[in-house]
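Engineer: You'll find coords10.cif just under this line, and it carries mmCIF, C-alpha atoms and all ligand atoms.
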```
data_run
loop_
_atom_site.label_atom_id
_atom_site.label_comp_id
_atom_site.auth_asym_id
_atom_site.auth_seq_id
_atom_site.Cartn_x
_atom_site.Cartn_y
_atom_site.Cartn_z
CA MET A 1 -95.86 30.40 37.56
CA ALA A 2 -99.41 30.70 36.34
CA GLN A 3 -102.11 28.34 37.61
CA GLY A 4 -102.75 25.60 35.06
CA LYS A 5 -99.36 25.73 33.31
CA ARG A 6 -97.37 22.49 33.45
CA LEU A 7 -94.59 22.53 36.05
CA ARG A 8 -91.01 22.32 34.81
CA VAL A 9 -89.36 19.59 36.89
CA ALA A 10 -85.78 18.29 37.08
CA VAL A 11 -83.87 15.53 38.84
CA VAL A 12 -80.41 15.64 40.42
CA GLY A 13 -78.70 12.28 40.99
CA ALA A 14 -79.57 9.85 38.19
CA GLY A 15 -78.85 6.61 40.07
CA GLY A 16 -81.14 3.87 41.35
CA ILE A 17 -84.04 5.78 42.91
CA ALA A 18 -84.17 8.41 40.14
CA ASP A 19 -86.10 5.86 38.05
CA SER A 20 -88.96 6.01 40.58
CA HIS A 21 -89.01 9.82 40.27
CA ARG A 22 -89.08 9.61 36.47
CA ALA A 23 -91.96 7.11 36.69
CA ALA A 24 -93.79 9.38 39.14
CA TYR A 25 -93.40 12.41 36.87
CA GLN A 26 -94.49 10.35 33.89
CA ALA A 27 -97.60 9.27 35.84
CA HIS A 28 -98.36 13.02 36.28
CA HIS A 29 -97.44 13.96 32.67
CA HIS A 30 -100.60 16.05 32.30
CA ASP A 31 -99.27 18.32 35.07
CA VAL A 32 -95.47 18.25 34.74
CA ASP A 33 -92.77 18.45 32.11
CA LEU A 34 -89.50 16.64 33.01
CA VAL A 35 -86.99 19.06 31.48
CA ALA A 36 -83.56 18.04 32.82
CA ALA A 37 -81.42 15.73 34.94
CA ALA A 38 -77.97 16.27 36.44
CA ASP A 39 -75.38 13.75 37.63
CA ILE A 40 -71.65 14.12 38.20
CA ASP A 41 -71.42 10.92 36.18
CA GLU A 42 -72.71 12.45 32.97
CA SER A 43 -73.29 9.05 31.34
CA ARG A 44 -75.94 8.40 34.01
CA ALA A 45 -77.67 11.70 33.30
CA VAL A 46 -77.63 10.88 29.57
CA ALA A 47 -79.05 7.38 30.14
CA PHE A 48 -81.74 8.79 32.44
CA CYS A 49 -82.77 11.43 29.92
CA ALA A 50 -82.94 8.83 27.13
CA GLY A 51 -85.94 7.40 28.99
CA THR A 52 -87.80 10.74 28.81
CA GLU A 53 -89.42 12.76 26.04
CA HIS A 54 -86.89 15.59 25.87
CA ALA A 55 -85.08 16.07 29.22
CA LYS A 56 -81.59 17.57 28.85
CA PRO A 57 -78.61 16.01 30.70
CA TYR A 58 -76.24 18.11 32.87
CA ARG A 59 -73.14 17.35 34.89
CA ASP A 60 -73.94 19.72 37.74
CA LEU A 61 -76.98 21.11 39.50
CA GLY A 62 -75.82 24.75 39.27
CA SER A 63 -75.83 24.85 35.46
CA LEU A 64 -79.14 22.97 35.34
CA LEU A 65 -80.80 25.51 37.65
CA ALA A 66 -79.35 28.50 35.79
CA GLU A 67 -80.36 27.29 32.32
CA GLN A 68 -83.65 25.50 33.00
CA GLU A 69 -85.15 27.47 35.92
CA PRO A 70 -87.22 24.46 37.07
CA ASP A 71 -90.27 24.89 39.34
CA LEU A 72 -89.51 21.68 41.23
CA VAL A 73 -86.32 19.65 41.71
CA SER A 74 -86.09 16.02 42.85
CA ILE A 75 -82.99 15.38 44.92
CA CYS A 76 -81.91 11.75 44.42
CA THR A 77 -78.26 11.98 45.48
CA PRO A 78 -76.64 10.31 48.53
CA PRO A 79 -77.85 11.76 51.88
CA GLY A 80 -74.63 13.70 52.60
CA LEU A 81 -75.42 15.98 49.64
CA HIS A 82 -79.07 16.74 50.43
CA VAL A 83 -78.54 19.80 52.63
CA GLU A 84 -76.33 21.77 50.20
CA GLN A 85 -78.26 20.81 47.07
CA THR A 86 -81.59 21.61 48.73
CA LYS A 87 -80.35 25.05 49.80
CA VAL A 88 -79.01 25.80 46.30
CA ALA A 89 -82.28 24.74 44.68
CA LEU A 90 -84.44 26.71 47.14
CA ALA A 91 -82.24 29.78 46.63
CA SER A 92 -82.94 29.53 42.88
CA GLY A 93 -86.67 29.66 43.64
CA ALA A 94 -87.34 25.97 42.91
CA TRP A 95 -89.39 23.81 45.24
CA VAL A 96 -87.63 20.61 46.33
CA TRP A 97 -88.82 17.02 46.63
CA CYS A 98 -85.92 15.32 48.39
CA GLU A 99 -85.29 11.64 48.95
CA LYS A 100 -85.15 10.12 52.41
CA PRO A 101 -83.35 10.30 54.73
CA PRO A 102 -83.86 14.08 54.55
CA CYS A 103 -80.24 14.71 55.59
CA ARG A 104 -77.71 13.53 58.18
CA SER A 105 -78.87 15.36 61.31
CA LEU A 106 -81.52 17.54 62.93
CA ALA A 107 -79.11 20.47 62.55
CA GLU A 108 -79.04 19.97 58.78
CA TYR A 109 -82.83 19.59 58.70
CA ASP A 110 -83.29 22.91 60.48
CA GLU A 111 -80.81 24.56 58.05
CA MET A 112 -82.88 23.38 55.10
CA ALA A 113 -86.15 24.48 56.70
CA ALA A 114 -84.66 27.91 57.39
CA ALA A 115 -84.03 28.34 53.65
CA GLU A 116 -87.76 28.02 52.85
CA ARG A 117 -90.00 31.06 52.32
CA ASP A 118 -93.65 31.56 53.32
CA GLY A 119 -95.75 30.56 50.32
CA GLY A 120 -92.78 28.69 48.80
CA PRO A 121 -90.35 27.47 47.81
CA TYR A 122 -90.65 24.58 50.30
CA VAL A 123 -88.68 21.34 50.65
CA SER A 124 -90.64 18.15 51.31
CA PHE A 125 -89.33 14.63 51.73
CA VAL A 126 -90.15 11.30 50.11
CA TYR A 127 -91.89 9.17 52.73
CA GLN A 128 -93.92 7.28 50.16
CA GLN A 129 -95.28 4.64 52.55
CA ARG A 130 -97.76 7.21 53.83
CA SER A 131 -99.29 7.57 50.40
CA GLY A 132 -101.29 4.32 50.10
CA SER A 133 -105.06 4.46 50.66
CA GLY A 134 -104.68 1.81 53.40
CA ALA A 135 -102.96 4.38 55.62
CA ALA A 136 -105.72 6.95 55.10
CA HIS A 137 -108.29 4.22 55.77
CA PHE A 138 -106.67 3.29 59.11
CA ARG A 139 -106.63 6.94 60.17
CA ASP A 140 -110.26 7.31 59.15
CA LEU A 141 -111.34 4.19 61.10
CA LEU A 142 -109.46 5.51 64.14
CA ALA A 143 -111.03 8.97 63.85
CA ARG A 144 -114.52 7.45 63.55
CA GLY A 145 -114.01 5.30 66.66
CA GLN A 146 -114.33 1.98 64.79
CA LEU A 147 -111.07 0.64 66.20
CA GLY A 148 -111.34 2.04 69.70
CA ARG A 149 -108.22 3.24 71.46
CA PRO A 150 -104.83 2.09 70.03
CA LEU A 151 -102.84 0.22 72.69
CA VAL A 152 -99.85 -1.78 71.40
CA ALA A 153 -97.79 -1.36 68.22
CA HIS A 154 -95.04 -3.29 66.41
CA CYS A 155 -93.04 -1.76 63.59
CA GLN A 156 -90.68 -4.02 61.68
CA THR A 157 -88.32 -3.39 58.78
CA THR A 158 -86.36 -6.61 58.51
CA TRP A 159 -84.59 -6.56 55.16
CA PHE A 160 -81.48 -8.21 53.67
CA ARG A 161 -78.54 -6.41 52.10
CA ASP A 162 -75.36 -8.17 50.96
CA ALA A 163 -71.72 -7.07 50.81
CA ASP A 164 -72.12 -5.82 47.20
CA TYR A 165 -74.78 -3.39 48.39
CA TYR A 166 -72.33 -1.94 50.91
CA ALA A 167 -69.52 -1.80 48.32
CA VAL A 168 -71.09 1.51 47.11
CA PRO A 169 -68.76 4.01 48.83
CA TRP A 170 -71.41 6.29 50.40
CA ARG A 171 -73.27 3.47 52.16
CA GLY A 172 -72.64 2.32 55.74
CA ARG A 173 -70.79 5.51 56.79
CA TRP A 174 -72.01 8.21 59.17
CA GLU A 175 -70.50 11.01 57.08
CA THR A 176 -72.16 10.04 53.81
CA GLU A 177 -75.24 7.92 54.66
CA GLY A 178 -75.98 9.53 58.02
CA GLY A 179 -76.81 6.24 59.75
CA GLY A 180 -77.55 2.54 59.28
CA PRO A 181 -80.92 0.83 58.68
CA ALA A 182 -82.69 2.98 61.29
CA MET A 183 -81.92 5.96 59.06
CA GLY A 184 -81.80 4.51 55.57
CA HIS A 185 -84.33 1.66 55.54
CA GLY A 186 -86.61 1.61 58.60
CA ILE A 187 -87.35 5.33 58.29
CA HIS A 188 -90.25 4.54 55.91
CA GLN A 189 -92.06 2.18 58.30
CA MET A 190 -91.30 4.37 61.33
CA ASP A 191 -92.63 7.44 59.51
CA LEU A 192 -95.79 5.50 58.67
CA LEU A 193 -96.14 4.37 62.29
CA LEU A 194 -95.94 7.99 63.50
CA HIS A 195 -98.34 9.07 60.75
CA LEU A 196 -100.83 6.47 62.03
CA LEU A 197 -100.38 6.98 65.78
CA GLY A 198 -99.23 10.58 66.26
CA ASP A 199 -96.42 11.96 68.38
CA TRP A 200 -93.97 9.72 70.20
CA ALA A 201 -92.95 10.66 73.75
CA GLU A 202 -89.98 8.46 74.75
CA VAL A 203 -87.58 5.96 73.16
CA ARG A 204 -85.24 3.31 74.63
CA ALA A 205 -83.03 1.57 72.06
CA MET A 206 -80.13 -0.75 71.31
CA THR A 207 -78.05 -1.01 68.13
CA ALA A 208 -75.47 -3.56 66.95
CA ARG A 209 -73.18 -4.28 64.02
CA LEU A 210 -73.65 -8.03 63.58
CA VAL A 211 -72.66 -8.86 60.00
CA HIS A 212 -71.49 -6.04 57.76
CA ASP A 213 -68.12 -4.33 57.58
CA VAL A 214 -69.62 -0.84 58.03
CA GLU A 215 -69.26 2.09 60.45
CA THR A 216 -72.94 2.26 61.37
CA GLU A 217 -75.20 -0.38 62.94
CA ASP A 218 -76.83 -3.08 60.82
CA VAL A 219 -79.57 -3.88 63.39
CA SER A 220 -81.51 -1.76 65.87
CA THR A 221 -84.31 -2.46 68.31
CA ALA A 222 -86.30 0.11 70.26
CA LEU A 223 -89.13 0.47 72.73
CA VAL A 224 -91.33 3.52 72.31
CA ARG A 225 -94.04 5.19 74.36
CA PHE A 226 -96.41 7.47 72.44
CA GLU A 227 -97.98 10.67 73.78
CA SER A 228 -101.31 8.81 73.62
CA GLY A 229 -99.97 6.11 75.94
CA VAL A 230 -99.53 3.45 73.20
CA LEU A 231 -96.50 1.20 73.81
CA GLY A 232 -94.56 -0.03 70.78
CA THR A 233 -91.57 -2.00 69.57
CA VAL A 234 -89.42 -1.13 66.56
CA VAL A 235 -86.93 -3.40 64.73
CA ASN A 236 -84.75 -2.28 61.82
CA SER A 237 -82.40 -4.81 60.20
CA VAL A 238 -80.50 -5.44 56.99
CA VAL A 239 -79.43 -8.96 58.01
CA SER A 240 -82.80 -10.76 57.75
CA PRO A 241 -83.03 -13.34 54.91
CA ASP A 242 -86.84 -13.55 55.11
CA GLU A 243 -87.53 -9.90 54.26
CA VAL A 244 -90.66 -8.13 55.43
CA SER A 245 -92.01 -4.68 56.29
CA ARG A 246 -94.74 -4.92 58.90
CA ILE A 247 -96.82 -2.71 61.15
CA ARG A 248 -99.25 -4.21 63.62
CA ILE A 249 -101.45 -2.11 65.87
CA ASP A 250 -103.68 -3.65 68.52
CA CYS A 251 -106.62 -1.38 69.29
CA GLU A 252 -109.47 -1.96 71.77
CA ARG A 253 -111.88 -3.19 69.09
CA ALA A 254 -109.58 -4.66 66.41
CA THR A 255 -106.01 -5.47 65.42
CA ALA A 256 -104.75 -3.84 62.22
CA GLU A 257 -101.82 -5.48 60.44
CA LEU A 258 -99.96 -4.30 57.34
CA THR A 259 -97.52 -6.79 55.74
CA HIS A 260 -95.55 -5.90 52.61
CA LEU A 261 -92.01 -5.22 51.42
CA TYR A 262 -91.47 -2.00 49.44
CA GLY A 263 -95.07 -0.90 48.87
CA TYR A 264 -98.62 -1.96 49.63
CA GLY A 265 -102.20 -1.97 48.40
CA ASN A 266 -105.38 -2.38 50.44
CA GLY A 267 -105.06 -6.19 50.19
CA ASP A 268 -101.90 -6.04 52.32
CA TRP A 269 -103.92 -4.78 55.33
CA ARG A 270 -105.78 -7.20 57.59
CA TYR A 271 -108.23 -6.27 60.35
CA THR A 272 -109.15 -8.79 63.06
CA ALA A 273 -112.07 -7.73 65.24
CA ALA A 274 -112.10 -8.43 68.97
CA PRO A 275 -114.32 -11.39 69.94
CA GLY A 276 -118.01 -10.58 69.58
CA LEU A 277 -117.44 -7.41 67.52
CA GLY A 278 -118.36 -6.97 63.85
CA GLU A 279 -115.97 -6.37 60.93
CA VAL A 280 -114.60 -2.87 60.40
CA ASP A 281 -115.71 -0.91 57.29
CA ALA A 282 -113.87 -1.69 54.03
CA PRO A 283 -111.90 1.09 52.28
CA VAL A 284 -113.54 2.89 49.37
CA GLU A 285 -110.60 3.27 46.99
CA ASP A 286 -107.39 1.27 46.45
CA VAL A 287 -104.28 3.39 45.88
CA ARG A 288 -100.90 1.64 46.19
CA SER A 289 -98.20 3.42 48.14
CA SER A 290 -95.66 4.72 45.61
CA HIS A 291 -93.62 7.71 44.53
CA ALA A 292 -96.40 8.66 42.08
CA ALA A 293 -99.01 8.65 44.87
CA ALA A 294 -96.69 10.62 47.18
CA LEU A 295 -96.05 13.22 44.46
CA ALA A 296 -99.74 14.15 44.05
CA PRO A 297 -100.07 16.24 47.26
CA VAL A 298 -96.70 17.93 46.55
CA LEU A 299 -97.98 19.12 43.16
CA ALA A 300 -101.28 20.23 44.70
CA ALA A 301 -99.41 22.22 47.38
CA PHE A 302 -97.28 23.87 44.67
CA ARG A 303 -100.40 25.00 42.81
CA GLN A 304 -101.87 26.43 46.01
CA ARG A 305 -98.59 27.92 47.26
CA ARG A 306 -98.97 26.17 50.61
CA ARG A 307 -96.70 23.93 52.70
CA PRO A 308 -96.70 20.34 51.34
CA PRO A 309 -97.04 17.27 53.60
CA CYS A 310 -93.77 15.61 54.75
CA SER A 311 -92.12 19.05 55.19
CA GLY A 312 -91.46 21.31 58.19
CA ALA A 313 -92.48 19.77 61.54
CA ASP A 314 -94.32 16.96 59.76
CA GLY A 315 -91.15 15.88 57.90
CA ARG A 316 -88.93 16.34 60.96
CA ARG A 317 -90.83 14.13 63.38
CA VAL A 318 -89.38 10.79 62.24
CA LEU A 319 -85.86 12.26 61.99
CA GLU A 320 -86.07 13.33 65.64
CA PHE A 321 -87.29 9.82 66.47
CA VAL A 322 -84.23 8.34 64.71
CA ALA A 323 -81.89 10.76 66.51
CA ALA A 324 -83.45 9.69 69.83
CA LEU A 325 -83.04 6.03 68.90
CA TYR A 326 -79.31 6.55 68.28
CA LYS A 327 -78.85 8.69 71.39
CA SER A 328 -80.59 6.12 73.57
CA ALA A 329 -78.54 3.27 72.11
CA CYS A 330 -75.33 5.22 72.72
CA THR A 331 -76.11 6.45 76.25
CA GLY A 332 -78.17 3.52 77.53
CA LEU A 333 -80.82 5.99 78.68
CA GLY A 334 -84.38 6.75 77.61
CA VAL A 335 -84.70 9.84 75.37
CA ARG A 336 -87.74 12.11 75.44
CA ARG A 337 -89.12 14.03 72.45
CA GLY A 338 -87.83 17.60 72.44
CA GLU A 339 -84.68 16.95 74.46
CA ILE A 340 -82.27 16.86 71.48
CA GLY A 341 -81.79 20.58 70.80
CA PRO A 342 -78.88 22.66 69.50
CA GLY A 343 -75.97 21.98 71.86
CA ASP A 344 -76.76 18.25 72.03
CA ALA A 345 -74.18 16.09 70.21
CA PHE A 346 -77.03 14.08 68.67
CA TYR A 347 -78.49 17.27 67.19
CA ARG A 348 -75.37 17.66 65.03
CA SER A 349 -74.89 14.00 64.07
CA MET A 350 -76.73 10.71 64.47
CA ALA A 351 -73.42 9.31 65.73
CA GLY A 352 -73.37 11.88 68.54
CA ASP A 353 -70.29 13.50 67.06
CA PRO A 354 -69.21 16.31 69.42
CA ARG A 355 -67.80 18.44 66.54
N1 LIG B 401 -87.66 6.32 48.78
C1 LIG B 401 -87.09 5.13 48.62
O1 LIG B 401 -87.75 4.10 48.67
C2 LIG B 401 -85.61 5.05 48.34
C3 LIG B 401 -85.05 3.86 47.85
C4 LIG B 401 -83.68 3.84 47.58
C5 LIG B 401 -82.89 4.96 47.81
N2 LIG B 401 -83.47 6.09 48.34
C6 LIG B 401 -82.66 7.28 48.64
O2 LIG B 401 -82.31 7.95 47.41
C7 LIG B 401 -81.02 8.57 47.51
C8 LIG B 401 -80.13 8.03 46.40
O3 LIG B 401 -80.04 6.62 46.52
P1 LIG B 401 -79.70 5.69 45.26
O4 LIG B 401 -79.86 4.29 45.74
O5 LIG B 401 -80.45 6.13 44.06
O6 LIG B 401 -78.14 6.02 45.10
P2 LIG B 401 -77.21 5.81 43.81
O7 LIG B 401 -75.82 5.72 44.33
O8 LIG B 401 -77.75 4.70 42.96
O9 LIG B 401 -77.42 7.16 42.99
C9 LIG B 401 -76.93 8.40 43.42
C10 LIG B 401 -76.54 9.20 42.19
O10 LIG B 401 -76.11 10.50 42.60
C11 LIG B 401 -75.02 10.88 41.75
N3 LIG B 401 -74.26 11.96 42.39
C12 LIG B 401 -73.34 11.86 43.39
N4 LIG B 401 -72.87 13.09 43.70
C13 LIG B 401 -73.51 13.98 42.89
C14 LIG B 401 -73.46 15.39 42.76
N5 LIG B 401 -72.67 16.14 43.53
N6 LIG B 401 -74.26 15.96 41.82
C15 LIG B 401 -75.06 15.21 41.04
N7 LIG B 401 -75.15 13.87 41.13
C16 LIG B 401 -74.39 13.25 42.05
C17 LIG B 401 -74.24 9.60 41.57
O11 LIG B 401 -73.37 9.66 40.45
C18 LIG B 401 -75.36 8.58 41.40
O12 LIG B 401 -75.74 8.42 40.04
C19 LIG B 401 -80.53 8.25 48.92
O13 LIG B 401 -80.84 9.30 49.79
C20 LIG B 401 -81.32 7.00 49.29
O14 LIG B 401 -81.49 6.81 50.69
C21 LIG B 401 -84.80 6.15 48.57
#
```
Could you write out this structure as structure tokens?
Ligand SMILES: NC(=O)c1ccc[n+]([C@@H]2O[C@H](COP(=O)([O-])OP(=O)(O)OC[C@H]3O[C@@H](n4cnc5c(N)ncnc54)[C@H](O)[C@@H]3O)[C@@H](O)[C@H]2O)c1
Structural biologist:
Amino acid sequence: MAQGKRLRVAVVGAGGIADSHRAAYQAHHHDVDLVAAADIDESRAVAFCAGTEHAKPYRDLGSLLAEQEPDLVSICTPPGLHVEQTKVALASGAWVWCEKPPCRSLAEYDEMAAAERDGGPYVSFVYQQRSGSGAAHFRDLLARGQLGRPLVAHCQTTWFRDADYYAVPWRGRWETEGGGPAMGHGIHQMDLLLHLLGDWAEVRAMTARLVHDVETEDVSTALVRFESGVLGTVVNSVVSPDEVSRIRIDCERATAELTHLYGYGNGDWRYTAAPGLGEVDAPVEDVRSSHAAALAPVLAAFRQRRRPPCSGADGRRVLEFVAALYKSACTGLGVRRGEIGPGDAFYRSMAGDPR
């Protein structure tokens, strides 16, 4: 499509998270036109479209793609559907902005990536916790040497979900959700941790099902060594009444700590300098992490026909980390980055399914 024309965008899966996509598109209304939404439950598609200017409801993605020829499709369906719907949308020529977790396995991720074309269409994933200015500020401080070398990290997603939450049929099952809180909830904080600190090298993990009547775990803990030498701990839980999302990174010259729940602004970051050292520089702008903020670089990439962030190797890194976490918990052994390739049971399924 011509530079400058508004993008035609559509949403498939008009459930809970679709509202955040509608809000993100509405925040970028000067650049995009939300033309359609599809849901197998047509009443949901109709209700979703009622909150837009003129989007048309559909019952299935195929008819939406054929009639509307969107430039970009948001995939907001349960994780078990992401791989097929992404491939269908890419085949139609549409770019894809797909909800996390990207899919159920590294094998599915590689299938989706193989359906991309140089210069587009591409599929990128919604890891919106990278999008706040506080994350860019930390990376900038690190690059400018203000923090010194990062040494120790803690990454915590301790949330609370009740039995009603797990009454939704696709949740809590390997086949449809792809994993427990390591996959569905902690993936945001873990992606942010990797975005801040770079490649991980080795993981040692444990998982447990402590409360919920589900197939997957409801708690996981992990130790991680980064390529840089940083040592870290990771906790993902859906059984924690006092809910918090937290990342803490001790560097030589200061400790950085981010404390929030589902999104943060600059005020949620705290820097504590080492004794005798001055304060670190303050950030220049304050952008909250959100779907709207995460959408901006996807739209820019579309205009420039280049690979968006959170796609390809950049989008795969945290999924490989999650696969390693599950493999380590299952085998009782440490798992190194790169060891889960085709032929490994944990390449095909986070449960290590040998099918
Ligand atoms: N980024 C975030 O912060 C965030 C938060 C919550 C959920 N999510 C992710 O968003 C995705 C959806 O989660 P949700 O909570 O909105 O789920 P949901 O169950 O509320 O909504 C899913 C919708 O998909 C529809 N659907 C099912 N099969 C379909 C099909 N074949 N074609 C079209 N529509 C179909 C359902 O009818 C439902 O309306 C999941 O991957 C989830 O992990 C992301």
Engineer: Using all atoms listed in the file, which of the listed residues (A:Asp286, A:Asp118, A:Asp19, A:Glu84) sits closest to Ala47 (chain A)?
Structural biologist: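 Once distances to Ala47 (chain A) are computed over all atoms listed in the file, the minimum belongs to A:Asp19.
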Engineer: As a ChimeraX atom specification, please: the residues near region 7-11 of chain A (cut-off 8 Å, all atoms listed in the file, same-chain neighbours under 6 positions excluded).
Structural biologist: /A:18,21,31-38,69-76
Engineer: Using only C-alpha atoms, which residues sit within 10 Å of Gly229 (chain A) once same-chain residues fewer than 6 positions away are excluded, as a ChimeraX atom specification?
Structural biologist: /A:149-152,200-201
Engineer: Using all atoms listed in the file, list the residues that have an atom at most 8 Å from (-84.4, 7.3, 73.3), coordinates as in the file, as a ChimeraX atom specification.
Structural biologist: /A:202-205,224,321,324-329,333-336
Engineer: Nearest residue to ligand LIG 401 (chain B) out of A:Asp191, A:Asp250, A:Asp140, A:Glu243, using all atoms listed in the file?
Structural biologist: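 Looking only at the distances to ligand LIG 401 (chain B), the closest residue turns out to be A:Asp191.
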Engineer: State, in Å with one decimal place, the distance from CA of Glu215 (chain A) to CA of Ala167 (chain A).
Structural biologist: 12.7 Å
Engineer: With all atoms listed in the file as the counted atoms, please give the residues lying no more than 8 Å from Ile247 (chain A), apart from itself and same-chain residues fewer than 6 positions off, as a ChimeraX atom specification.
Structural biologist: /A:153-156,189,193,257-259
